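The block underneath contains the structure these notes are about, expressed in structure tokens.
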Amino acid sequence: MTTALSFAEAKTNLLSGLTVALALVPEAIAFSLVAHVNPLVGLYAAFIMCLITAAFGGRPGMISGATGSTAVVMVALVVQHGTQYLFATIILTGLLQILFAVLRLGKFIRMVPHPVMLGFVNGLAIVIALAQLGHFKTGYGPGVHSWIQGPELYKMIALIVVTMLIIYLLPKLTKAVPSALAGIVVVALVAHFAGIHTKTVGDMASIHGGLPAFHLPAVPFNFATLAVVFPYALIIAGVGLLETLLTLNLVDEMTDSRGRPNRECMAQGAANFVCGFFGAMGGCAMIGQTMININAGARKRLSGITAAVFLLIFILFTSSLIEKIPIAALIGVMFVVSEKTFEWSSLRVISKVPRHDAFVIIAVTIVTVFTNLATAVALGVIIAALVFAWEHAKQISVRVSTDGATRKVYELQGSLFFASARGFQDLFTPKDDPEEVIIEFRRARVMDHSALEAIDSLADRYRHLGKHLHLRHLSPDCYELLQKAKDMVEVNLAEDPRYHVADNQLG
């Protein structure tokens, strides 16, 4: 059940939405240029993505739009096949993301370890800062451009510093207006009335346009087209959902609340699907604009919807005003976002956490900066999983005792799985053992097929020596899946544990 917004909440979300809309403009244009498409293609994407995900997504307060992580995937497709194939790809991207939501796979983002999250956040903070450096060149788009120098550079730096000071200092005086919005407006007015000539939004591209128009992508609807667009759609869908769900996780931590990953996946898919029919390049969640929104105190859907509406107003009616905003003001906002996004606490604890966690944080940060988010997170998860397996493999142990004069008892403790299977074999001495041997699994758990193979192999060693092996307190799954050791299992329905084994022979 939703509750009515108070006047203060409504004002906060409306003003934050306006700030976000202003910050969306240069980002959308820049990513359009990255993808080699018309700037309006990126602006329409920002409007559609922001509106649909804000209204129907699983994380109120999160902002979506055209992003660099998806734009870099689109470049080769646009260059080789044109923008119409891009629109077809975005439609398929949306369908894949909707399928992901229908299968309820979004919940698995909770399995991303905290060191990976830290590396993701730090990496994107650096990427946000580095992305602003392109504004310090004399031009935009393809081609070689020199760096701005002399008085023009000094003016830009001065305006950036003023913007950042306003953002940092204004909240100490009043929180009636988002400090980022105040910084943009003040710097724009100062530049205008003081006659300071500096780069503006209009220098990037014109943002004037009409309403996005519905049209089917002008591509052949056949398997040849599908073969072209499907690989790109799959990558864009994966990268987009990954960045979206990680951003959702981050906002959850910042707001001490819980979003709905599958609902967010569904909204992202629907937004991309619609983008493809309205000449937009699609996208995903934007961590920079989301941080602007969250740091301003906006927590409601109204903020994202407001950002989308204002963005459309800019395109339709006020493009001439928005194009006069100094780029320096927006750079200052994004520099502050970068600083606030970076987890500075991770630098303090990096020498205190386990070395493998520190390595994951650093590795994910570096790979995010130099390659892409998907590769970085996948690498981090793999490293974390391997470390987890290695550490648990070392925890398997056995306590040896005798049961009477002729029987030896091995009481196993720990998890038996692929990483500990070899260590399990080394715990036993079949040649030195008596005729009767008992292996007690009450305090152990058999996890996978490798564990079953290890038990079968050990049983075979005892059988070849003519000795009797008794396996106690294995689960029914183990009993069904064992091959050579099946006849050695002592079944006790009242005491045997019940758990499933991860083995492809089941069901």
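Following the order of the structure tokens, first chain is A, next is B, and so on, with residues numbered from 1 inside each chain and ligands from 1 in the order they appear.
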Worksheet item: If we count only C-alpha atoms, what is near Ala46 (chain A) at a cut-off of 8 Å, once residues fewer than 2 positions away on the same chain are taken out, given as a ChimeraX atom specification?
Response: /A:24,28,42-44,48-50,64-66,282-283,308
Discussion item. Report as an NGL selection string all protein, DNA and RNA residues lying within 12 Å of Val78 (chain A), evaluated on only C-alpha atoms, omitting residues in the same chain fewer than 6 positions from it.
Written reply: :A and (32-38 or 71-72 or 84-89 or 228-229 or 232 or 281)
Item to complete: Using only C-alpha atoms, find the one residue out of A:Ile160, A:Leu471, A:Ala267, A:Ile383 that sits nearest to Ile52 (chain A).
Response: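 Among the listed residues, A:Ala267 lies closest to Ile52 (chain A).
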Practice prompt. Give the helix (DSSP H, G or I) residues of region 322-423 of chain A, as assigned by DSSP on the backbone, as a PyMOL selection string.
Written response: chain A and resi 322+327-341+345-349+355-370+373-393+421-423
Worksheet item: Smallest atom-to-atom distance to Asn13 (chain A): which of A:Leu211, A:Leu99, A:Ala454, A:Ala298, using only C-alpha atoms?
Response: A:Ala298
Discussion item. Using only C-alpha atoms, can you tell me which of A:Phe273, A:Gln483, A:Ala393, A:Asn262 comes closest to Ala45 (chain A)?
Written reply: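 Using only C-alpha atoms, the shortest distance to Ala45 (chain A) belongs to A:Phe273.
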Using only C-alpha atoms, tabulate the residues of region 169-266 of chain A lying at most 9 Å from any atom of region 100-122 of chain A, each with its closest atom pair and that distance in Å to one decimal, by chain and increasing residue number, as CSV.
```
residue,atom,partner,partner_atom,distance
A:Leu241,CA,A:Gly106,CA,8.5
A:Leu242,CA,A:Ile109,CA,8.0
A:Leu245,CA,A:Ile109,CA,6.5
A:Leu246,CA,A:Ile109,CA,7.2
A:Thr247,CA,A:Val121,CA,8.6
A:Asn249,CA,A:Arg110,CA,7.8
A:Leu250,CA,A:Met117,CA,7.9
A:Arg260,CA,A:Lys107,CA,8.4
A:Pro261,CA,A:Gly106,CA,5.0
A:Asn262,CA,A:Gly106,CA,4.8
A:Arg263,CA,A:Ala101,CA,6.9
A:Glu264,CA,A:Ala101,CA,8.1
A:Cys265,CA,A:Ala101,CA,5.3
A:Met266,CA,A:Ala101,CA,5.2
```
Fill in: Neighbour list for Tyr168 (chain A) as a PyMOL selection string, cut-off 9 Å, only C-alpha atoms, skip fewer than 4 positions in-chain
chain A and resi 163-164+172+179-180+336
Fill in: Nearest-residue call for Leu248 (chain A), choices A:Thr290, A:Asn272, A:Gln395, A:Thr93, using only C-alpha atoms
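Smallest separation from Leu248 (chain A) among the options: A:Thr290.
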Item to complete: Just give me the gap between CA of His392 (chain A) and CA of Arg422 (chain A) in Å, one decimal is fine.
Response: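 CA of Arg422 (chain A) lies at a distance of 12.8 Å from CA of His392 (chain A).
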Item to complete: Choose the residue, out of A:Val360, A:Ile126, A:Ile439, A:Leu216, that has the smallest atom-to-atom separation from Leu386 (chain A); count only C-alpha atoms.
Response: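 Using only C-alpha atoms, Leu386 (chain A) sits closest to A:Val360.
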Please, which residues in region 330-398 of chain A fall within 8 Å of region 132-153 of chain A when counting only C-alpha atoms, and what is the closest atom pair and distance in Å to one decimal for each, ordered by chain then residue number, as a tab-separated table?
```
residue	atom	partner	partner_atom	distance
A:Ile331	CA	A:Gln132	CA	6.1
A:Met334	CA	A:Gln132	CA	7.6
A:Phe335	CA	A:Gln132	CA	7.9
```
Expected file: the selected residues, N, CA and C atoms, as a compact mmCIF listing (two decimals), in the first residue's frame:
```txt
# COMPACT_ATOMS: atom_id res chain seq x y z
N ILE A 331 30.11 19.11 -14.87
CA ILE A 331 31.33 18.38 -14.51
C ILE A 331 31.53 18.42 -13.00
N MET A 334 29.28 15.96 -11.29
CA MET A 334 29.70 14.56 -11.47
C MET A 334 30.99 14.26 -10.70
N PHE A 335 31.86 15.25 -10.55
CA PHE A 335 33.06 15.05 -9.71
C PHE A 335 32.66 14.79 -8.26
```
